[in-house]
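Worksheet for the structure shown next.
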Amino acid sequence: MMMYIISTLIILINLIFNRNKYVTIISGIFLWIGMSFNNTIVDRAQYRRMYANPLKYNEEWGYTHLQLFAGKLGLSFQVFFAIIIGICLSLVIYTIIRNTDHPGIVISLYFIFPYLMDAAQVRSFLSACIITAIIPLLLNRNVKNGLLYTVGIFAASMFHYSAYFFLLLLISYFVSSKVILPLFVALALVLMGNIFNLLKFFAAMIPFLSNKIDRYLNPDLLTSHSELRSYAIYLFMLFALTIVTGLILNQYQDAEVGIHRRSNKPVTRCGDMSSLMLKLDSILMLALPLISISVSYDRIIRTVLIIHYIYFSKVFSTSLPKLVKVLYFITLLMFVLYYFWFFIYSRFSAAVFWPFFQGNLIF
């Protein structure tokens with residue numbers, strides 16, 4: 001019962017005091033407790049077995065050797081998990097506070113989704129934290145930031161290979177969003193009928209990815225048409241919401257810049273961020289062919305949701321009428337609740353939802 005109360009308070013308090021970074025930081029502590037100290041949520045037993053014998057499971061190089069190093073230090077699995085989750089959550093909280101004047105909105109939306117899935121799938125969470133921190137680098141287009149982003153992607157891939165997908169975002173340095181959108185939509189449509197053979201090709205060409213890819217090529221485990229439709233609805237909702245946000249931010253760019261100057265934060269042109277997010281969402285269209293093979297590829301979308309929440313939160317730093325902001329937030333909340341209901345409560349209630357709230361060792 002305590003976890004239900006705490007979770008509800010985290011969402012509500014962050015919405016009410018959405019500009020208070022100290023509320024965000026304190027909330028981060030509770031997020032850490034909820035994620036670190038749970039033995040019943042799905043995959044946790046598997047993570048324990050991996051920690052007992054990292055070389056046997058031979059997961060990504062970074063995670064394997066991080067476990068080996070922790071083992072040499074004599075750390076228990078629980079301490080190891082608490083440390084790595086704490087470090088990554090700290091990176092996420094810092095990124096949120098640095099990039100928006102309304103961090104509470106981001107925390108609330110993140111808690112609704114995909115926080116519970118991150119608590120279950122920790123390796124992809126570690127990778128997502130790094131990607132969340134490095135995507136803002138692409139707002140300033142120069143060689144240094146491009147190199148830092150590339151290095152960050154390879155660092156993230158040491159915890160989960162899905163990070164390689166986001167090397168595609170480097171295209172944003174060279175191609176207009178007007179070109180990327182039709183290009184990747186067309187590419188996604190072409191791949192829908194050929195993705196199975198393409199993944200087989202990558203498995204043959206890149207040996208260290210072959211085991212990962214082969215896990216998802218079992219024809220008996222293909223995503224059902226109803227699930228694929230649900231993902232398609234979500235992805236196109238995300239794209240449409242991004243377009244609307246971009247239009248709003250571009251219209252109220254001067255008000256946004258003024259706020260950032262008064263708060264002594266780096267001024268980020270809204271047009272640049274809108275363009276970057278449209279490019280990111282165009283690239284995400286390639287997630288649909290992958291999800292048609294396995295729902296596990298949905299982590300590609302989940303990886304960049306925090307960046308989307310940061311972007312959406314910028315609407316509330318504009319001089320828009322309050323009624324427009326309220327209507328926009330209701331639309332955004334419905335968008336997040338849809339994915340929570342479809343993915344967490346509908347598909348994984350027994351594996352994720354109930355264990356998270358009922359299996360915490362502290363509360």
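Residues are referred to by chain and number: the chain letter is A, B, ... according to the order shown in the structure tokens, the number counts from 1 in that chain, and ligands are numbered separately from 1 in the order shown.
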Residue set, region 170-349 of chain A restricted to helix (DSSP H, G or I), as a ChimeraX atom specification: /A:170-173,177-191,195-205,207-214,219-221,225-251,253-262,270-284,287-293,295-303,305-317,322-347,349
Residues near Ser177 (chain A), cut-off 10 Å, only C-alpha atoms, skip fewer than 6 positions along chain, as a ChimeraX atom specification: /A:171,183,274-282
Go ahead and write the residues just picked, all heavy atoms, as a JSON list (two decimals), in the first residue's frame.
```json
[["chain", "number", "residue", "atom", "x", "y", "z"],
["A", 171, "ILE", "N", 22.54, 11.55, -39.02],
["A", 171, "ILE", "CA", 22.09, 12.06, -40.33],
["A", 171, "ILE", "C", 21.57, 13.48, -40.18],
["A", 171, "ILE", "O", 21.59, 14.27, -41.14],
["A", 171, "ILE", "CB", 20.99, 11.14, -40.90],
["A", 171, "ILE", "CG1", 21.59, 9.75, -41.18],
["A", 171, "ILE", "CG2", 20.38, 11.70, -42.17],
["A", 171, "ILE", "CD1", 20.56, 8.73, -41.59],
["A", 183, "LEU", "N", 11.87, 10.16, -46.44],
["A", 183, "LEU", "CA", 12.87, 9.12, -46.66],
["A", 183, "LEU", "C", 12.65, 7.93, -45.73],
["A", 183, "LEU", "O", 12.60, 6.77, -46.17],
["A", 183, "LEU", "CB", 14.28, 9.70, -46.47],
["A", 183, "LEU", "CG", 15.44, 8.69, -46.50],
["A", 183, "LEU", "CD1", 15.54, 8.06, -47.88],
["A", 183, "LEU", "CD2", 16.75, 9.37, -46.12],
["A", 274, "SER", "N", 13.09, 21.74, -32.40],
["A", 274, "SER", "CA", 11.96, 21.20, -33.15],
["A", 274, "SER", "C", 12.44, 20.36, -34.33],
["A", 274, "SER", "O", 11.95, 19.27, -34.60],
["A", 274, "SER", "CB", 11.05, 22.32, -33.65],
["A", 274, "SER", "OG", 10.55, 23.07, -32.57],
["A", 275, "SER", "N", 13.45, 20.89, -35.03],
["A", 275, "SER", "CA", 14.00, 20.18, -36.19],
["A", 275, "SER", "C", 14.63, 18.86, -35.76],
["A", 275, "SER", "O", 14.42, 17.82, -36.39],
["A", 275, "SER", "CB", 15.04, 21.06, -36.88],
["A", 275, "SER", "OG", 15.67, 20.36, -37.93],
["A", 276, "LEU", "N", 15.39, 18.89, -34.66],
["A", 276, "LEU", "CA", 16.04, 17.68, -34.17],
["A", 276, "LEU", "C", 15.01, 16.61, -33.78],
["A", 276, "LEU", "O", 15.16, 15.42, -34.10],
["A", 276, "LEU", "CB", 16.94, 18.01, -32.98],
["A", 276, "LEU", "CG", 17.63, 16.81, -32.30],
["A", 276, "LEU", "CD1", 18.55, 16.10, -33.28],
["A", 276, "LEU", "CD2", 18.41, 17.26, -31.06],
["A", 277, "MET", "N", 13.95, 17.04, -33.10],
["A", 277, "MET", "CA", 12.94, 16.07, -32.65],
["A", 277, "MET", "C", 12.16, 15.50, -33.82],
["A", 277, "MET", "O", 11.80, 14.32, -33.82],
["A", 277, "MET", "CB", 11.99, 16.75, -31.66],
["A", 277, "MET", "CG", 12.66, 17.20, -30.38],
["A", 277, "MET", "SD", 13.57, 15.91, -29.52],
["A", 277, "MET", "CE", 12.25, 14.80, -29.06],
["A", 278, "LEU", "N", 11.89, 16.31, -34.84],
["A", 278, "LEU", "CA", 11.21, 15.80, -36.02],
["A", 278, "LEU", "C", 12.09, 14.78, -36.74],
["A", 278, "LEU", "O", 11.60, 13.76, -37.25],
["A", 278, "LEU", "CB", 10.85, 16.95, -36.97],
["A", 278, "LEU", "CG", 9.69, 17.83, -36.51],
["A", 278, "LEU", "CD1", 9.55, 19.04, -37.42],
["A", 278, "LEU", "CD2", 8.38, 17.04, -36.50],
["A", 279, "LYS", "N", 13.39, 15.03, -36.77],
["A", 279, "LYS", "CA", 14.31, 14.06, -37.36],
["A", 279, "LYS", "C", 14.34, 12.78, -36.55],
["A", 279, "LYS", "O", 14.33, 11.67, -37.11],
["A", 279, "LYS", "CB", 15.72, 14.67, -37.45],
["A", 279, "LYS", "CG", 15.84, 15.80, -38.46],
["A", 279, "LYS", "CD", 17.21, 16.45, -38.39],
["A", 279, "LYS", "CE", 17.32, 17.60, -39.39],
["A", 279, "LYS", "NZ", 18.64, 18.26, -39.33],
["A", 280, "LEU", "N", 14.38, 12.91, -35.22],
["A", 280, "LEU", "CA", 14.38, 11.74, -34.36],
["A", 280, "LEU", "C", 13.13, 10.90, -34.56],
["A", 280, "LEU", "O", 13.19, 9.66, -34.69],
["A", 280, "LEU", "CB", 14.50, 12.18, -32.89],
["A", 280, "LEU", "CG", 14.41, 11.08, -31.83],
["A", 280, "LEU", "CD1", 15.51, 10.04, -32.03],
["A", 280, "LEU", "CD2", 14.50, 11.67, -30.43],
["A", 281, "ASP", "N", 11.98, 11.55, -34.61],
["A", 281, "ASP", "CA", 10.73, 10.81, -34.78],
["A", 281, "ASP", "C", 10.60, 10.22, -36.18],
["A", 281, "ASP", "O", 9.95, 9.19, -36.36],
["A", 281, "ASP", "CB", 9.54, 11.72, -34.47],
["A", 281, "ASP", "CG", 9.37, 11.94, -32.97],
["A", 281, "ASP", "OD1", 9.95, 11.13, -32.22],
["A", 281, "ASP", "OD2", 8.70, 12.88, -32.57],
["A", 282, "SER", "N", 11.21, 10.86, -37.17],
["A", 282, "SER", "CA", 11.23, 10.28, -38.51],
["A", 282, "SER", "C", 12.02, 8.98, -38.51],
["A", 282, "SER", "O", 11.61, 7.97, -39.09],
["A", 282, "SER", "CB", 11.84, 11.26, -39.51],
["A", 282, "SER", "OG", 11.09, 12.45, -39.59]]
```
Give me, as CSV, each residue of region 164-223 of chain A that comes within 12 Å of region 232-252 of chain A, together with its shortest interatomic pair and the distance in Å at one decimal, counting only C-alpha atoms, with rows ordered by chain and rising residue number.
```
residue,atom,partner,partner_atom,distance
A:Ser177,CA,A:Ile243,CA,11.5
A:Leu181,CA,A:Phe239,CA,10.4
A:Val185,CA,A:Phe236,CA,11.1
A:Ala188,CA,A:Ala232,CA,11.7
```
Dump as JSON lines the rows for residues of region 83-186 of chain A within 10 Å of region 10-31 of chain A: closest atom pair and distance in Å with one decimal, only C-alpha atoms counted, ordered by chain and rising residue number.
```
{"residue": "A:Ile85", "atom": "CA", "partner": "A:Leu31", "partner_atom": "CA", "distance": 9.7}
{"residue": "A:Gly86", "atom": "CA", "partner": "A:Ile29", "partner_atom": "CA", "distance": 8.3}
{"residue": "A:Leu89", "atom": "CA", "partner": "A:Gly28", "partner_atom": "CA", "distance": 7.0}
{"residue": "A:Ser90", "atom": "CA", "partner": "A:Gly28", "partner_atom": "CA", "distance": 7.6}
{"residue": "A:Val92", "atom": "CA", "partner": "A:Gly28", "partner_atom": "CA", "distance": 9.2}
{"residue": "A:Ile93", "atom": "CA", "partner": "A:Ile25", "partner_atom": "CA", "distance": 6.9}
{"residue": "A:Tyr94", "atom": "CA", "partner": "A:Ile25", "partner_atom": "CA", "distance": 8.8}
{"residue": "A:Ile96", "atom": "CA", "partner": "A:Thr24", "partner_atom": "CA", "distance": 9.1}
{"residue": "A:Ile97", "atom": "CA", "partner": "A:Lys21", "partner_atom": "CA", "distance": 6.6}
{"residue": "A:Arg98", "atom": "CA", "partner": "A:Lys21", "partner_atom": "CA", "distance": 9.8}
{"residue": "A:Thr100", "atom": "CA", "partner": "A:Arg19", "partner_atom": "CA", "distance": 8.9}
{"residue": "A:Asp101", "atom": "CA", "partner": "A:Arg19", "partner_atom": "CA", "distance": 5.9}
{"residue": "A:His102", "atom": "CA", "partner": "A:Arg19", "partner_atom": "CA", "distance": 4.6}
{"residue": "A:Pro103", "atom": "CA", "partner": "A:Asn18", "partner_atom": "CA", "distance": 5.9}
{"residue": "A:Gly104", "atom": "CA", "partner": "A:Asn18", "partner_atom": "CA", "distance": 3.8}
{"residue": "A:Ile105", "atom": "CA", "partner": "A:Leu15", "partner_atom": "CA", "distance": 5.6}
{"residue": "A:Val106", "atom": "CA", "partner": "A:Asn18", "partner_atom": "CA", "distance": 8.5}
{"residue": "A:Ile107", "atom": "CA", "partner": "A:Asn14", "partner_atom": "CA", "distance": 6.9}
{"residue": "A:Ser108", "atom": "CA", "partner": "A:Ile11", "partner_atom": "CA", "distance": 4.6}
{"residue": "A:Leu109", "atom": "CA", "partner": "A:Ile11", "partner_atom": "CA", "distance": 7.8}
{"residue": "A:Tyr110", "atom": "CA", "partner": "A:Ile11", "partner_atom": "CA", "distance": 9.2}
{"residue": "A:Phe111", "atom": "CA", "partner": "A:Ile11", "partner_atom": "CA", "distance": 7.1}
{"residue": "A:Ile112", "atom": "CA", "partner": "A:Ile11", "partner_atom": "CA", "distance": 7.9}
{"residue": "A:Tyr115", "atom": "CA", "partner": "A:Leu31", "partner_atom": "CA", "distance": 8.4}
{"residue": "A:Leu116", "atom": "CA", "partner": "A:Leu31", "partner_atom": "CA", "distance": 9.8}
{"residue": "A:Ala119", "atom": "CA", "partner": "A:Leu31", "partner_atom": "CA", "distance": 9.3}
```
For Pro289 (chain A), work out the shell of residues within 7 Å, counting only C-alpha atoms and skipping chain neighbours fewer than 5 positions away, then give it as number ranges by chain. A: 188, 191-192, 195
Write the residues you've just listed into a file as a compact mmCIF listing (two decimals), in the first residue's frame, and include N, CA and C atoms for each of them.
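Saved result, selection.txt, follows:
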```
# COMPACT_ATOMS: atom_id res chain seq x y z
N ALA A 188 10.64 2.65 -44.05
CA ALA A 188 9.90 1.79 -43.10
C ALA A 188 8.88 0.93 -43.83
N LEU A 191 10.70 -1.86 -45.63
CA LEU A 191 11.25 -2.87 -44.73
C LEU A 191 10.18 -3.74 -44.07
N MET A 192 8.94 -3.27 -44.03
CA MET A 192 7.89 -4.06 -43.38
C MET A 192 7.82 -5.47 -43.95
N ILE A 195 12.06 -7.12 -43.39
CA ILE A 195 12.87 -6.94 -42.18
C ILE A 195 13.45 -8.26 -41.67
```
Neighbouring residues of Leu189 (chain A) were defined as those with any atom within 10 Å, considering only C-alpha atoms; residues of the same chain fewer than 4 positions away were excluded. Please report them as a list in words.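 Result of the neighbour search: Phe184, Val185, Gly193, Asn194, Met285, Leu286, Leu288 and Pro289 of chain A.
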When distances are computed from only C-alpha atoms, which of A:Phe357, A:Phe202, A:Val326, A:Trp341 shows the smallest separation from Ile6 (chain A)?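 Among A:Phe357, A:Phe202, A:Val326, A:Trp341, it is A:Phe357 that comes nearest to Ile6 (chain A).
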Between CA of Gln67 (chain A) and CA of Asn39 (chain A), what distance in Å does the model show, to one decimal?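 Straight-line distance from CA of Gln67 (chain A) to CA of Asn39 (chain A) works out to 17.9 Å.
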Judged by only C-alpha atoms, the minimum distance to Ser124 (chain A) among A:Tyr173, A:Phe77, A:Tyr297, A:Tyr51 is found for A:Tyr297
With distances taken over only C-alpha atoms, which of A:Ser76, A:Ser157, A:Asn38, A:Gln358 is nearest to Gly62 (chain A)? A:Ser157
Which of these residues is nearest to Leu137 (chain A), using only C-alpha atoms: A:Thr331, A:Tyr4, A:Tyr161, A:Asn99? A:Asn99
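Separating CA of Tyr345 (chain A) from CA of Arg49 (chain A) is a distance of 26.8 Å.
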In Å to one decimal, how far is CA of Ile130 (chain A) from CA of Ser176 (chain A)? 25.3 Å
